[in-house]
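Asks: Got protein-v8.txt for you, compact mmCIF, C-alpha atoms and all ligand atoms:
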# COMPACT_ATOMS: atom_id res chain seq x y z
CA MET A 1 88.39 99.95 77.55
CA GLY A 2 90.93 102.25 79.17
CA MET A 3 92.95 101.65 82.34
CA ARG A 4 92.39 103.91 85.32
CA THR A 5 93.00 104.07 89.06
CA VAL A 6 90.42 103.45 91.77
CA ASP A 7 90.46 107.16 92.62
CA GLU A 8 89.92 108.19 89.00
CA HIS A 9 86.96 105.85 88.64
CA LEU A 10 85.42 107.00 91.93
CA THR A 11 85.94 110.64 91.00
CA GLU A 12 84.07 110.13 87.73
CA ILE A 13 81.20 108.41 89.56
CA LEU A 14 80.92 111.07 92.25
CA GLY A 15 81.01 113.76 89.59
CA SER A 16 77.91 112.26 87.95
CA VAL A 17 75.62 111.54 90.90
CA ALA A 18 73.66 114.21 92.73
CA ALA A 19 71.82 114.33 96.02
CA LEU A 20 68.18 113.32 95.57
CA PRO A 21 65.67 116.19 95.84
CA PRO A 22 64.34 116.68 99.37
CA LEU A 23 60.97 115.30 100.34
CA ASP A 24 58.58 116.20 103.16
CA LEU A 25 57.71 113.00 105.04
CA ALA A 26 55.63 112.02 108.05
CA LEU A 27 57.98 111.37 110.94
CA LEU A 28 57.83 107.58 110.97
CA GLU A 29 58.12 107.36 107.20
CA ALA A 30 61.39 109.22 107.55
CA GLN A 31 63.12 106.53 109.60
CA GLY A 32 66.52 105.72 108.12
CA THR A 33 66.52 108.72 105.79
CA VAL A 34 68.88 111.67 106.07
CA LEU A 35 67.57 114.97 107.35
CA ALA A 36 67.77 117.76 104.75
CA GLU A 37 66.94 120.65 107.11
CA PRO A 38 67.95 121.40 110.67
CA VAL A 39 65.21 120.63 113.20
CA SER A 40 64.98 123.22 115.95
CA ALA A 41 62.87 123.72 119.04
CA PRO A 42 60.09 126.35 118.83
CA VAL A 43 59.80 126.41 122.65
CA PRO A 44 62.12 125.40 125.49
CA LEU A 45 62.09 121.82 126.75
CA PRO A 46 60.70 121.24 129.27
CA PRO A 47 58.27 124.02 128.31
CA PHE A 48 57.55 124.76 132.01
CA ASP A 49 59.08 124.01 135.43
CA ASN A 50 57.75 120.65 136.59
CA SER A 51 58.21 117.96 139.20
CA ALA A 52 60.77 115.18 138.72
CA MET A 53 59.08 112.98 141.35
CA ASP A 54 55.72 112.07 142.82
CA GLY A 55 55.70 114.08 146.05
CA TYR A 56 54.84 117.46 147.56
CA ALA A 57 55.60 120.94 146.28
CA VAL A 58 56.86 123.07 149.17
CA VAL A 59 58.68 126.22 150.14
CA ALA A 60 62.12 124.80 150.96
CA ALA A 61 62.54 127.09 153.98
CA ASP A 62 59.41 125.55 155.57
CA VAL A 63 61.04 122.11 155.81
CA ALA A 64 64.61 123.20 156.58
CA GLY A 65 64.39 121.72 160.08
CA ALA A 66 62.54 118.50 159.24
CA THR A 67 64.01 115.27 160.68
CA GLU A 68 62.76 111.76 161.48
CA ALA A 69 62.55 112.77 165.15
CA GLU A 70 60.97 116.16 164.48
CA PRO A 71 58.98 116.07 161.25
CA VAL A 72 57.33 119.14 159.77
CA THR A 73 53.59 118.77 159.19
CA LEU A 74 51.97 120.86 156.44
CA PRO A 75 48.36 121.12 155.21
CA VAL A 76 47.87 119.76 151.67
CA ILE A 77 45.85 122.23 149.59
CA GLY A 78 45.27 120.01 146.58
CA ASP A 79 46.65 117.65 143.94
CA ILE A 80 48.48 118.66 140.78
CA VAL A 81 48.77 115.97 138.10
CA ALA A 82 50.64 115.84 134.80
CA GLY A 83 48.58 117.69 132.21
CA ASP A 84 47.07 120.21 134.65
CA ALA A 85 47.34 123.77 133.45
CA ALA A 86 49.93 125.66 135.49
CA VAL A 87 47.51 127.85 137.40
CA SER A 88 47.92 126.63 140.99
CA ALA A 89 50.02 128.40 143.63
CA ILE A 90 51.13 127.81 147.21
CA ARG A 91 52.59 130.07 149.82
CA THR A 92 54.71 129.50 152.90
CA GLY A 93 53.17 127.03 155.35
CA LEU A 94 51.26 125.14 152.65
CA THR A 95 51.97 122.24 150.30
CA ALA A 96 50.34 120.63 147.26
CA ARG A 97 50.62 116.99 146.28
CA ILE A 98 52.31 116.84 142.88
CA MET A 99 52.95 114.07 140.33
CA THR A 100 55.92 113.54 138.03
CA GLY A 101 55.69 115.90 135.05
CA ALA A 102 53.04 118.12 136.64
CA PRO A 103 53.63 121.89 136.51
CA LEU A 104 55.21 123.32 139.63
CA PRO A 105 52.78 125.66 141.44
CA ALA A 106 53.82 129.29 141.73
CA GLY A 107 55.49 129.96 145.09
CA ALA A 108 57.00 126.46 145.45
CA ASP A 109 60.76 126.08 145.17
CA ALA A 110 61.31 122.39 146.03
CA VAL A 111 59.65 119.01 145.67
CA ILE A 112 59.72 116.54 148.56
CA PRO A 113 59.48 112.98 147.19
CA VAL A 114 56.68 110.93 148.68
CA GLU A 115 59.30 108.53 150.13
CA TRP A 116 60.42 111.29 152.58
CA THR A 117 56.86 111.67 153.95
CA ASP A 118 53.94 109.71 155.38
CA GLY A 119 52.09 110.20 152.07
CA GLY A 120 49.24 112.09 153.73
CA ALA A 121 46.35 113.49 151.67
CA ALA A 122 44.94 116.20 154.01
CA THR A 123 48.15 116.91 155.91
CA VAL A 124 51.60 115.49 155.30
CA ARG A 125 54.45 114.72 157.69
CA ILE A 126 57.83 115.49 156.11
CA THR A 127 60.91 113.92 157.69
CA ARG A 128 63.79 115.37 155.63
CA PRO A 129 64.78 118.88 154.49
CA ALA A 130 65.46 119.71 150.83
CA PRO A 131 67.55 122.36 149.09
CA VAL A 132 65.90 124.95 146.83
CA GLY A 133 65.33 123.35 143.42
CA ASN A 134 65.06 119.81 144.82
CA TYR A 135 63.54 117.47 142.18
CA ILE A 136 62.46 120.36 139.99
CA ARG A 137 63.02 120.09 136.24
CA ARG A 138 63.57 123.63 135.07
CA SER A 139 62.11 124.97 131.82
CA GLY A 140 64.82 124.89 129.13
CA GLU A 141 67.21 122.63 131.03
CA ASP A 142 66.91 120.01 128.24
CA VAL A 143 66.70 122.22 125.15
CA LEU A 144 66.55 126.01 124.76
CA ALA A 145 64.00 127.75 122.54
CA GLY A 146 65.47 128.08 119.05
CA GLN A 147 68.15 125.46 119.64
CA ILE A 148 68.92 123.04 116.77
CA VAL A 149 68.18 119.58 118.11
CA VAL A 150 68.93 117.47 115.00
CA GLU A 151 71.41 118.77 112.42
CA ALA A 152 70.84 118.54 108.67
CA GLY A 153 72.74 115.54 107.32
CA THR A 154 71.84 113.27 110.24
CA ARG A 155 70.41 109.84 109.53
CA LEU A 156 67.15 109.54 111.46
CA GLY A 157 67.15 106.71 113.97
CA ALA A 158 64.83 106.15 116.91
CA THR A 159 66.39 108.83 119.11
CA GLN A 160 66.42 111.54 116.43
CA ILE A 161 62.79 110.73 115.58
CA ALA A 162 61.94 111.07 119.27
CA MET A 163 63.70 114.43 119.39
CA ALA A 164 61.81 115.74 116.35
CA ALA A 165 58.50 114.65 117.89
CA ALA A 166 59.46 116.19 121.25
CA VAL A 167 59.89 119.60 119.60
CA GLY A 168 56.47 119.25 117.99
CA ARG A 169 57.37 118.10 114.50
CA SER A 170 55.02 115.67 112.75
CA ARG A 171 56.87 115.95 109.41
CA VAL A 172 60.46 116.47 108.38
CA VAL A 173 62.25 117.33 105.15
CA VAL A 174 64.66 114.53 104.25
CA ARG A 175 66.57 113.05 101.35
CA PRO A 176 64.60 109.96 100.36
CA LYS A 177 66.32 106.58 100.40
CA PRO A 178 67.73 105.91 96.94
CA ARG A 179 65.71 103.22 95.14
CA VAL A 180 68.23 100.86 93.68
CA VAL A 181 67.38 98.09 91.23
CA VAL A 182 69.74 95.11 91.40
CA VAL A 183 69.95 92.54 88.63
CA SER A 184 72.31 89.68 87.88
CA THR A 185 73.14 88.35 84.44
CA GLY A 186 74.32 84.87 83.54
CA ASP A 187 73.01 81.72 81.82
CA GLU A 188 74.62 79.55 84.51
CA LEU A 189 72.67 81.09 87.39
CA GLN A 190 69.92 79.17 89.14
CA GLU A 191 67.55 80.55 91.76
CA PRO A 192 68.34 79.52 95.35
CA GLY A 193 65.65 77.01 96.36
CA ALA A 194 65.65 75.31 92.95
CA GLN A 195 67.67 72.26 91.92
CA LEU A 196 71.03 72.77 90.25
CA ALA A 197 71.39 71.29 86.77
CA PRO A 198 74.89 70.39 85.54
CA GLY A 199 76.98 73.49 84.95
CA GLN A 200 74.76 75.71 87.10
CA ILE A 201 75.47 77.60 90.33
CA TRP A 202 73.07 79.28 92.70
CA GLU A 203 72.73 82.98 92.09
CA SER A 204 74.03 85.02 95.03
CA ASN A 205 75.14 88.44 93.81
CA SER A 206 71.70 89.98 93.55
CA TYR A 207 70.92 88.93 97.12
CA MET A 208 74.25 90.25 98.36
CA LEU A 209 73.95 93.56 96.53
CA THR A 210 70.31 94.14 97.48
CA ALA A 211 71.25 93.61 101.13
CA ALA A 212 74.28 95.88 100.70
CA VAL A 213 72.03 98.62 99.28
CA VAL A 214 69.90 98.43 102.41
CA GLU A 215 73.02 98.55 104.59
CA ALA A 216 74.05 101.70 102.74
CA GLY A 217 70.71 103.39 103.47
CA GLY A 218 68.91 102.67 100.20
CA VAL A 219 65.91 100.62 99.20
CA GLY A 220 66.95 97.56 97.19
CA TYR A 221 64.76 96.02 94.49
CA ARG A 222 66.07 92.63 93.48
CA GLN A 223 65.14 91.59 89.94
CA ALA A 224 65.01 88.14 88.44
CA THR A 225 68.26 87.10 86.78
CA VAL A 226 68.58 87.97 83.10
CA HIS A 227 70.01 85.53 80.59
CA ASP A 228 73.05 86.41 78.55
CA GLU A 229 71.00 87.75 75.65
CA PRO A 230 71.50 91.36 74.56
CA ALA A 231 67.82 91.98 73.83
CA LYS A 232 66.78 90.70 77.26
CA VAL A 233 69.35 92.84 79.03
CA MET A 234 68.27 95.97 77.16
CA GLU A 235 64.59 95.27 77.80
CA MET A 236 65.24 94.81 81.52
CA LEU A 237 67.18 98.09 81.75
CA GLU A 238 64.47 100.03 79.93
CA ASP A 239 61.79 98.59 82.23
CA GLN A 240 63.73 99.44 85.37
CA LEU A 241 64.90 102.94 84.48
CA VAL A 242 61.48 104.42 85.25
CA ARG A 243 61.47 103.37 88.88
CA ALA A 244 65.13 103.44 89.81
CA ASP A 245 67.35 106.14 91.27
CA ALA A 246 70.24 103.82 90.38
CA ILE A 247 70.75 100.41 88.79
CA ILE A 248 73.37 97.83 89.70
CA THR A 249 74.09 94.91 87.38
CA SER A 250 76.50 92.06 88.01
CA GLY A 251 78.32 89.91 85.49
CA GLY A 252 78.97 90.23 81.81
CA VAL A 253 81.57 92.99 81.86
CA SER A 254 84.91 91.25 81.37
CA MET A 255 86.59 89.86 78.26
CA GLY A 256 84.57 86.71 77.56
CA THR A 257 82.46 85.95 74.53
CA ARG A 258 79.21 86.35 76.47
CA ASP A 259 79.90 89.65 78.15
CA VAL A 260 76.50 90.85 77.34
CA VAL A 261 76.23 93.86 79.67
CA LYS A 262 79.30 95.38 78.11
CA GLU A 263 78.04 94.55 74.64
CA VAL A 264 74.67 96.18 75.21
CA LEU A 265 75.76 99.25 77.17
CA SER A 266 79.00 100.26 75.48
CA GLY A 267 78.30 103.68 74.06
CA THR A 268 74.73 103.78 75.45
CA GLY A 269 74.02 106.94 77.42
CA THR A 270 77.32 107.92 79.04
CA VAL A 271 78.17 104.34 80.06
CA ASP A 272 81.83 103.47 79.69
CA PHE A 273 83.90 100.43 80.59
CA HIS A 274 87.32 100.48 82.19
CA LYS A 275 89.95 98.26 83.65
CA VAL A 276 90.46 99.68 87.11
CA ARG A 277 93.81 99.14 88.80
CA MET A 278 92.46 97.11 91.69
CA ARG A 279 92.13 93.53 92.86
CA PRO A 280 89.57 92.15 92.97
CA GLY A 281 87.21 94.15 90.75
CA LYS A 282 89.23 95.07 87.68
CA PRO A 283 86.45 95.25 85.05
CA GLN A 284 84.09 98.12 85.85
CA GLY A 285 81.47 100.00 83.97
CA PHE A 286 79.61 103.14 84.98
CA GLY A 287 77.55 105.83 83.36
CA LEU A 288 74.18 107.53 83.17
CA LEU A 289 71.30 106.03 81.23
CA GLU A 290 68.54 108.60 80.76
CA GLY A 291 70.08 110.39 83.73
CA THR A 292 70.05 107.33 85.99
CA PRO A 293 73.40 106.09 87.32
CA VAL A 294 74.12 102.52 86.23
CA PHE A 295 76.88 100.53 87.91
CA THR A 296 77.90 97.41 86.01
CA LEU A 297 79.88 95.32 88.46
CA PRO A 298 81.93 92.22 87.68
CA GLY A 299 80.30 88.83 88.25
CA ASN A 300 82.71 87.18 90.63
CA PRO A 301 81.00 87.58 93.99
CA VAL A 302 83.94 89.03 95.89
CA SER A 303 84.71 91.40 93.01
CA ALA A 304 81.09 92.55 93.01
CA TYR A 305 81.12 93.09 96.77
CA VAL A 306 84.39 95.01 96.87
CA SER A 307 83.20 97.11 93.91
CA PHE A 308 80.03 97.91 95.81
CA GLN A 309 81.92 99.05 98.91
CA VAL A 310 84.49 101.06 96.96
CA PHE A 311 82.29 102.69 94.31
CA VAL A 312 78.57 102.21 94.88
CA ARG A 313 78.34 102.89 98.59
CA PRO A 314 80.00 106.32 98.34
CA ALA A 315 77.66 107.18 95.45
CA LEU A 316 74.59 106.12 97.44
CA ARG A 317 75.81 108.29 100.30
CA ALA A 318 76.18 111.27 97.97
CA MET A 319 72.60 110.67 96.75
CA GLN A 320 71.51 110.89 100.40
CA GLY A 321 73.36 114.16 100.90
CA LEU A 322 76.05 112.51 103.03
CA PRO A 323 79.82 112.86 102.63
CA PRO A 324 80.73 110.18 100.07
CA GLU A 325 83.15 108.23 102.21
CA SER A 326 83.64 104.52 101.93
CA SER A 327 83.19 102.45 105.08
CA PRO A 328 85.06 103.71 108.15
CA THR A 329 88.70 102.66 108.25
CA VAL A 330 91.05 101.95 111.14
CA SER A 331 94.78 101.43 111.25
CA ALA A 332 95.66 97.86 112.24
CA VAL A 333 98.72 95.71 112.72
CA LEU A 334 99.12 92.89 110.20
CA ALA A 335 99.15 89.47 111.83
CA GLU A 336 100.91 87.83 108.88
CA ASP A 337 103.16 88.71 105.94
CA VAL A 338 101.24 89.71 102.81
CA LYS A 339 102.20 90.16 99.18
CA SER A 340 100.48 92.59 96.88
CA PRO A 341 100.62 93.14 93.11
CA ALA A 342 102.48 96.33 92.21
CA GLY A 343 100.39 99.06 90.64
CA LEU A 344 97.04 97.76 91.89
CA ARG A 345 95.07 98.69 94.96
CA HIS A 346 94.60 95.40 96.72
CA PHE A 347 91.64 94.56 98.94
CA LEU A 348 92.23 91.54 101.15
CA ARG A 349 89.55 89.92 103.25
CA GLY A 350 90.51 89.77 106.89
CA ARG A 351 89.41 89.47 110.47
CA LEU A 352 89.89 92.58 112.53
CA SER A 353 90.16 92.28 116.30
CA PHE A 354 90.92 94.70 119.10
CA ASN A 355 93.20 93.54 121.87
CA ARG A 356 95.62 95.16 124.29
CA GLY A 357 94.82 98.62 123.03
CA HIS A 358 95.34 98.11 119.29
CA TYR A 359 93.72 96.61 116.24
CA THR A 360 95.14 93.49 114.67
CA VAL A 361 94.06 92.14 111.31
CA ALA A 362 94.56 88.59 110.08
CA PRO A 363 94.23 88.09 106.32
CA ALA A 364 91.97 85.23 105.25
CA GLU A 365 93.71 82.18 103.80
CA THR A 366 91.70 82.18 100.58
CA GLN A 367 91.60 85.37 98.55
CA GLY A 368 90.22 84.25 95.17
CA SER A 369 87.51 86.50 93.75
CA HIS A 370 85.11 83.54 93.53
CA GLN A 371 85.69 82.52 97.15
CA LEU A 372 82.66 83.82 98.98
CA GLY A 373 83.45 81.50 101.90
CA SER A 374 86.24 83.71 103.21
CA LEU A 375 84.26 86.89 102.50
CA ALA A 376 81.34 85.70 104.62
CA MET A 377 83.77 85.06 107.51
CA ALA A 378 85.54 88.41 107.11
CA ASN A 379 84.66 91.58 108.99
CA ALA A 380 87.10 93.85 107.21
CA LEU A 381 88.90 94.62 103.97
CA ILE A 382 92.61 95.30 104.27
CA THR A 383 93.36 98.08 101.78
CA LEU A 384 96.89 97.91 100.42
CA PRO A 385 97.98 100.93 98.40
CA GLU A 386 99.16 100.69 94.79
CA ASP A 387 102.84 100.99 95.71
CA ALA A 388 102.84 98.20 98.33
CA GLU A 389 104.41 94.92 97.20
CA ALA A 390 105.39 92.96 100.30
CA LEU A 391 104.43 93.87 103.82
CA PRO A 392 105.81 91.92 106.77
CA ALA A 393 103.76 90.91 109.79
CA GLY A 394 103.70 93.84 112.22
CA SER A 395 103.23 96.47 109.51
CA HIS A 396 100.47 99.01 109.95
CA VAL A 397 97.77 98.78 107.30
CA GLU A 398 94.52 100.58 106.60
CA VAL A 399 91.48 98.42 107.16
CA MET A 400 87.92 99.08 106.03
CA ARG A 401 85.38 97.76 108.49
CA LEU A 402 82.51 95.92 106.86
CA PRO A 403 78.94 96.62 107.98
P1 LIG B 501 81.04 87.09 84.54
O1 LIG B 501 81.56 88.41 85.01
O2 LIG B 501 79.62 87.15 84.12
O3 LIG B 501 81.94 86.48 83.52
O4 LIG B 501 81.09 86.14 85.81
C1 LIG B 501 82.32 85.86 86.44
C2 LIG B 501 82.14 84.72 87.42
O5 LIG B 501 81.22 85.09 88.42
C3 LIG B 501 81.59 83.45 86.82
O6 LIG B 501 82.23 82.36 87.43
C4 LIG B 501 80.14 83.50 87.16
O7 LIG B 501 79.55 82.23 87.22
C5 LIG B 501 80.16 84.16 88.50
N1 LIG B 501 78.92 84.90 88.71
C6 LIG B 501 78.42 85.82 87.86
N2 LIG B 501 77.26 86.32 88.31
C7 LIG B 501 76.99 85.68 89.47
C8 LIG B 501 75.93 85.76 90.41
N3 LIG B 501 74.92 86.60 90.22
N4 LIG B 501 75.99 84.96 91.51
C9 LIG B 501 77.04 84.13 91.68
N5 LIG B 501 78.07 84.02 90.84
C10 LIG B 501 78.06 84.77 89.73
MG MG B 502 78.36 86.01 83.13
Take the structure in the file and give it back as structure tokens.
Ligand code: AMP
Ligand code: MG

Replies:
Amino acid sequence: MGMRTVDEHLTEILGSVAALPPLDLALLEAQGTVLAEPVSAPVPLPPFDNSAMDGYAVVAADVAGATEAEPVTLPVIGDIVAGDAAVSAIRTGLTARIMTGAPLPAGADAVIPVEWTDGGAATVRITRPAPVGNYIRRSGEDVLAGQIVVEAGTRLGATQIAMAAAVGRSRVVVRPKPRVVVVSTGDELQEPGAQLAPGQIWESNSYMLTAAVVEAGGVGYRQATVHDEPAKVMEMLEDQLVRADAIITSGGVSMGTRDVVKEVLSGTGTVDFHKVRMRPGKPQGFGLLEGTPVFTLPGNPVSAYVSFQVFVRPALRAMQGLPPESSPTVSAVLAEDVKSPAGLRHFLRGRLSFNRGHYTVAPAETQGSHQLGSLAMANALITLPEDAEALPAGSHVEVMRLP
């Protein structure tokens, strides 16, 4: 069990995970996945000049003198509605009633909104002039033919899905969401909803980590907790390998007598265990089992969470073809003095706030790795570098925002 830095451990992980192979999905099945191809427009948008208002298509020069006192009256030659083929035409002295989105008739160069008229059906009285181009949406003014409208590497939300549909795409090529199996180990763990017997605690890590997988863009599959029995742990891993793009375990990787995950996985596949120079989260294991990345996180809930943010989230991003960054960081001013162990990267729970033009971060009072209470109240992790030992209030620190 060697010692290594956070960066060394992360580098090993990122060197072993690959982007998942692209998949062609129906548009709505692709929600939340990352686009693996650029989506471009085969035609301009709008595809044709059309009306931005319900009104009348005119020759602007015909209504140049129109006022309330001296309206211009024009004969209406017909109605053009959205969906009509663009075959109609007008010429000077004539108008056609036109609806929003309907193709502009040839010869017209302005649309008079119905509010500027008496709304007439056979003839119409127009009481205001309009410049050329009034309320006309020009072909290509949204998107040009051939233009890339959603870049490869974009996560598909509602607006990107709309854009793909609007350029005629029913399917897109994406990186699928990584399917991540999450399983906790520990004889002391009881299911939430059941009664606690003496010595038991309610199991929380698998819920936390499954939710964190979803926050990171994956699909989380929470498994029932496994007892601290080597055969059971091995059996569970073998069962899950077939359906998982990655597996996350929690517990059983430190120096106790029942550290069953370490016992079972040491030397299996490429899995290796290390003490990582960080707090919390020192005991870490990672490796490939039949080609599947397995992250064995420590059992203390805060350790497991920090490990997820620091190591697993970047790996899940890489599997989605995204840059493997951890959560976005900001620079913030410390609200209180903090101490930090030399030689370790220290992650402190804190509350980040923005006031008077800068970020301030207040460290939580409790920082024990079992103290989920302060983690659930935190919105940020203060990241203190290995060489920091004591930082006074007012210092600038790097802060990782939590999802
Ligand atoms: P371990 O790494 O298995 O020795 O666990 C370290 C500490 O974390 C112990 O106090 C465990 O009871 C606790 N712990 C381990 N797994 C979980 C879990 N899934 N949910 C909540 N606490 C856990
Ligand atoms: Mg345990």

Asks: Please measure the separation of CA of Met53 in chain A and CA of Thr67 in chain A, giving the value in Å to one decimal.

Replies: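 That distance, rounded to one decimal, is 20.1 Å.
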
Asks: My list of candidates is A:Asn300, A:Ser139, A:Ser307, A:Thr292. Which is closest to ligand MG 502 (chain B) when distances are computed with all atoms listed in the file?

Replies: A:Asn300

Asks: Using all atoms listed in the file, which of A:Glu398, A:Glu238, A:Asp228, A:Glu115 sits nearest ligand MG 502 (chain B)?

Replies: A:Asp228

Asks: Taking all atoms listed in the file into account, which residues are within 6 Å of ligand MG 502 (chain B), as an NGL selection string?

Replies: :A and (185-186 or 251-252)

Asks: Would you pick out the contacts of Ser327 in chain A at 7 Å or less, using all atoms listed in the file, so that residues sharing its chain but fewer than 2 positions from it are not included, and give the list as an MDAnalysis selection string?

Replies: chainID A and resid 325 329 400:402

Asks: Give me the residues near Pro131 in chain A as a list in words, where near means some atom within 10 Å (using all atoms listed in the file) and where sequence neighbours in that chain fewer than 2 positions away do not count.

Replies: Val59, Ala60, Ala61, Val63, Ala64, Asp109, Ala110, Val111, Ile112, Pro129, Gly133, Asn134 and Tyr135 of chain A

Asks: CA of Val233 in chain A to CA of Leu289 in chain A: how many Å, to one decimal?

Replies: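 Taking CA of Val233 in chain A and CA of Leu289 in chain A, their separation equals 13.5 Å.
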
Asks: Would you mind listing the residues within 8 Å of ligand LIG 501 (chain B), counting only C-alpha atoms and all ligand atoms, as a list of chain:residue names?

Replies: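 The residues near ligand LIG 501 (chain B) are A:Val183, A:Ser184, A:Thr185, A:Gly186, A:Glu188, A:Leu189, A:Ile201, A:Trp202, A:Glu203, A:Ser204, A:Asn205, A:Ser206, A:Thr225, A:Ser250, A:Gly251, A:Gly252, A:Val253, A:Ser254, A:Met255, A:Gly256, A:Arg258, A:Asp259, A:Leu297, A:Pro298, A:Gly299, A:Asn300, A:Pro301, A:His370.
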
Asks: Could you name the residues that touch Arg155 in chain A at 6 Å or less, counting only C-alpha atoms, but leaving out those on the same chain fewer than 5 positions away, as a VMD selection string?

Replies: chain A and resid 32 to 34

Asks: What's the 6 Å shell around range 40-45 of chain A, counting all atoms listed in the file, without same-chain residues fewer than 6 positions away, as a PyMOL selection string?

Replies: chain A and resi 139-140+142-149+167

Asks: Identify the residues within 6 Å of coordinate (73.3, 101.5, 92.0) (same frame as the file), considering only C-alpha atoms, and give the answer as a list of chain:residue names.

Replies: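 In the file's frame, the residues around the point are A:Val180, A:Ala246, A:Ile247, A:Ile248, A:Val294, A:Phe295.
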
Asks: Using only C-alpha atoms, tabulate the residues of range 308-352 of chain A lying at most 9 Å from any atom of range 7-29 of chain A, each with its closest atom pair and that distance in Å to one decimal, by chain and increasing residue number, as JSON lines.

Replies:
{"residue": "A:Val310", "atom": "CA", "partner": "A:Leu10", "partner_atom": "CA", "distance": 7.8}
{"residue": "A:Phe311", "atom": "CA", "partner": "A:Leu10", "partner_atom": "CA", "distance": 5.8}
{"residue": "A:Val312", "atom": "CA", "partner": "A:Ile13", "partner_atom": "CA", "distance": 8.6}
{"residue": "A:Pro314", "atom": "CA", "partner": "A:Leu14", "partner_atom": "CA", "distance": 7.8}
{"residue": "A:Ala315", "atom": "CA", "partner": "A:Leu14", "partner_atom": "CA", "distance": 6.0}
{"residue": "A:Leu316", "atom": "CA", "partner": "A:Val17", "partner_atom": "CA", "distance": 8.6}
{"residue": "A:Arg317", "atom": "CA", "partner": "A:Ala19", "partner_atom": "CA", "distance": 8.4}
{"residue": "A:Ala318", "atom": "CA", "partner": "A:Ala19", "partner_atom": "CA", "distance": 5.7}
{"residue": "A:Met319", "atom": "CA", "partner": "A:Ala19", "partner_atom": "CA", "distance": 3.8}
{"residue": "A:Gln320", "atom": "CA", "partner": "A:Ala19", "partner_atom": "CA", "distance": 5.6}
{"residue": "A:Gly321", "atom": "CA", "partner": "A:Ala19", "partner_atom": "CA", "distance": 5.1}
{"residue": "A:Leu322", "atom": "CA", "partner": "A:Ala19", "partner_atom": "CA", "distance": 8.4}
{"residue": "A:Pro324", "atom": "CA", "partner": "A:Leu14", "partner_atom": "CA", "distance": 7.9}

Asks: Within 12 Å of (73.9, 101.3, 75.9) in the file's own coordinates, which protein, DNA or RNA residues have an atom, counting all atoms listed in the file? List them as a PDB file with C-alpha atoms, keeping the file's coordinate frame.

Replies:
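And here's out.pdb as it stands now:
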ATOM      1  CA  PRO A 230      71.500  91.360  74.560  1.00  0.00           C
ATOM      2  CA  ALA A 231      67.820  91.980  73.830  1.00  0.00           C
ATOM      3  CA  VAL A 233      69.350  92.840  79.030  1.00  0.00           C
ATOM      4  CA  MET A 234      68.270  95.970  77.160  1.00  0.00           C
ATOM      5  CA  GLU A 235      64.590  95.270  77.800  1.00  0.00           C
ATOM      6  CA  LEU A 237      67.180  98.090  81.750  1.00  0.00           C
ATOM      7  CA  GLU A 238      64.470 100.030  79.930  1.00  0.00           C
ATOM      8  CA  VAL A 260      76.500  90.850  77.340  1.00  0.00           C
ATOM      9  CA  VAL A 261      76.230  93.860  79.670  1.00  0.00           C
ATOM     10  CA  LYS A 262      79.300  95.380  78.110  1.00  0.00           C
ATOM     11  CA  GLU A 263      78.040  94.550  74.640  1.00  0.00           C
ATOM     12  CA  VAL A 264      74.670  96.180  75.210  1.00  0.00           C
ATOM     13  CA  LEU A 265      75.760  99.250  77.170  1.00  0.00           C
ATOM     14  CA  SER A 266      79.000 100.260  75.480  1.00  0.00           C
ATOM     15  CA  GLY A 267      78.300 103.680  74.060  1.00  0.00           C
ATOM     16  CA  THR A 268      74.730 103.780  75.450  1.00  0.00           C
ATOM     17  CA  GLY A 269      74.020 106.940  77.420  1.00  0.00           C
ATOM     18  CA  THR A 270      77.320 107.920  79.040  1.00  0.00           C
ATOM     19  CA  VAL A 271      78.170 104.340  80.060  1.00  0.00           C
ATOM     20  CA  ASP A 272      81.830 103.470  79.690  1.00  0.00           C
ATOM     21  CA  PHE A 273      83.900 100.430  80.590  1.00  0.00           C
ATOM     22  CA  GLY A 285      81.470 100.000  83.970  1.00  0.00           C
ATOM     23  CA  PHE A 286      79.610 103.140  84.980  1.00  0.00           C
ATOM     24  CA  GLY A 287      77.550 105.830  83.360  1.00  0.00           C
ATOM     25  CA  LEU A 288      74.180 107.530  83.170  1.00  0.00           C
ATOM     26  CA  LEU A 289      71.300 106.030  81.230  1.00  0.00           C
ATOM     27  CA  GLU A 290      68.540 108.600  80.760  1.00  0.00           C
ATOM     28  CA  VAL A 294      74.120 102.520  86.230  1.00  0.00           C
ATOM     29  CA  THR A 296      77.900  97.410  86.010  1.00  0.00           C
TER      30      THR A 296
END

Asks: With distances taken over all atoms listed in the file, which residue among A:Ala52, A:Val150, A:Ile80, A:Met99 lies nearest Glu37 in chain A?

Replies: A:Val150

Asks: Measure the distance from CA of Asp49 in chain A to CA of Ala164 in chain A in Å and round it to one decimal.

Replies: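 Interatomic distance here is 21.0 Å.
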
Asks: Thr127 in chain A: which residues within 6 Å, counting all atoms listed in the file, same-chain residues fewer than 4 positions away excluded, as a VMD selection string?

Replies: chain A and resid 66 to 68 71 116 to 117

Asks: Those same residues - C-alpha atoms - I'd like them written as a PDB file, in the coordinates of the input.

Replies:
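Output file part26.pdb is given in full below:
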ATOM      1  CA  ALA A  66      62.540 118.500 159.240  1.00  0.00           C
ATOM      2  CA  THR A  67      64.010 115.270 160.680  1.00  0.00           C
ATOM      3  CA  GLU A  68      62.760 111.760 161.480  1.00  0.00           C
ATOM      4  CA  PRO A  71      58.980 116.070 161.250  1.00  0.00           C
ATOM      5  CA  TRP A 116      60.420 111.290 152.580  1.00  0.00           C
ATOM      6  CA  THR A 117      56.860 111.670 153.950  1.00  0.00           C
TER       7      THR A 117
END
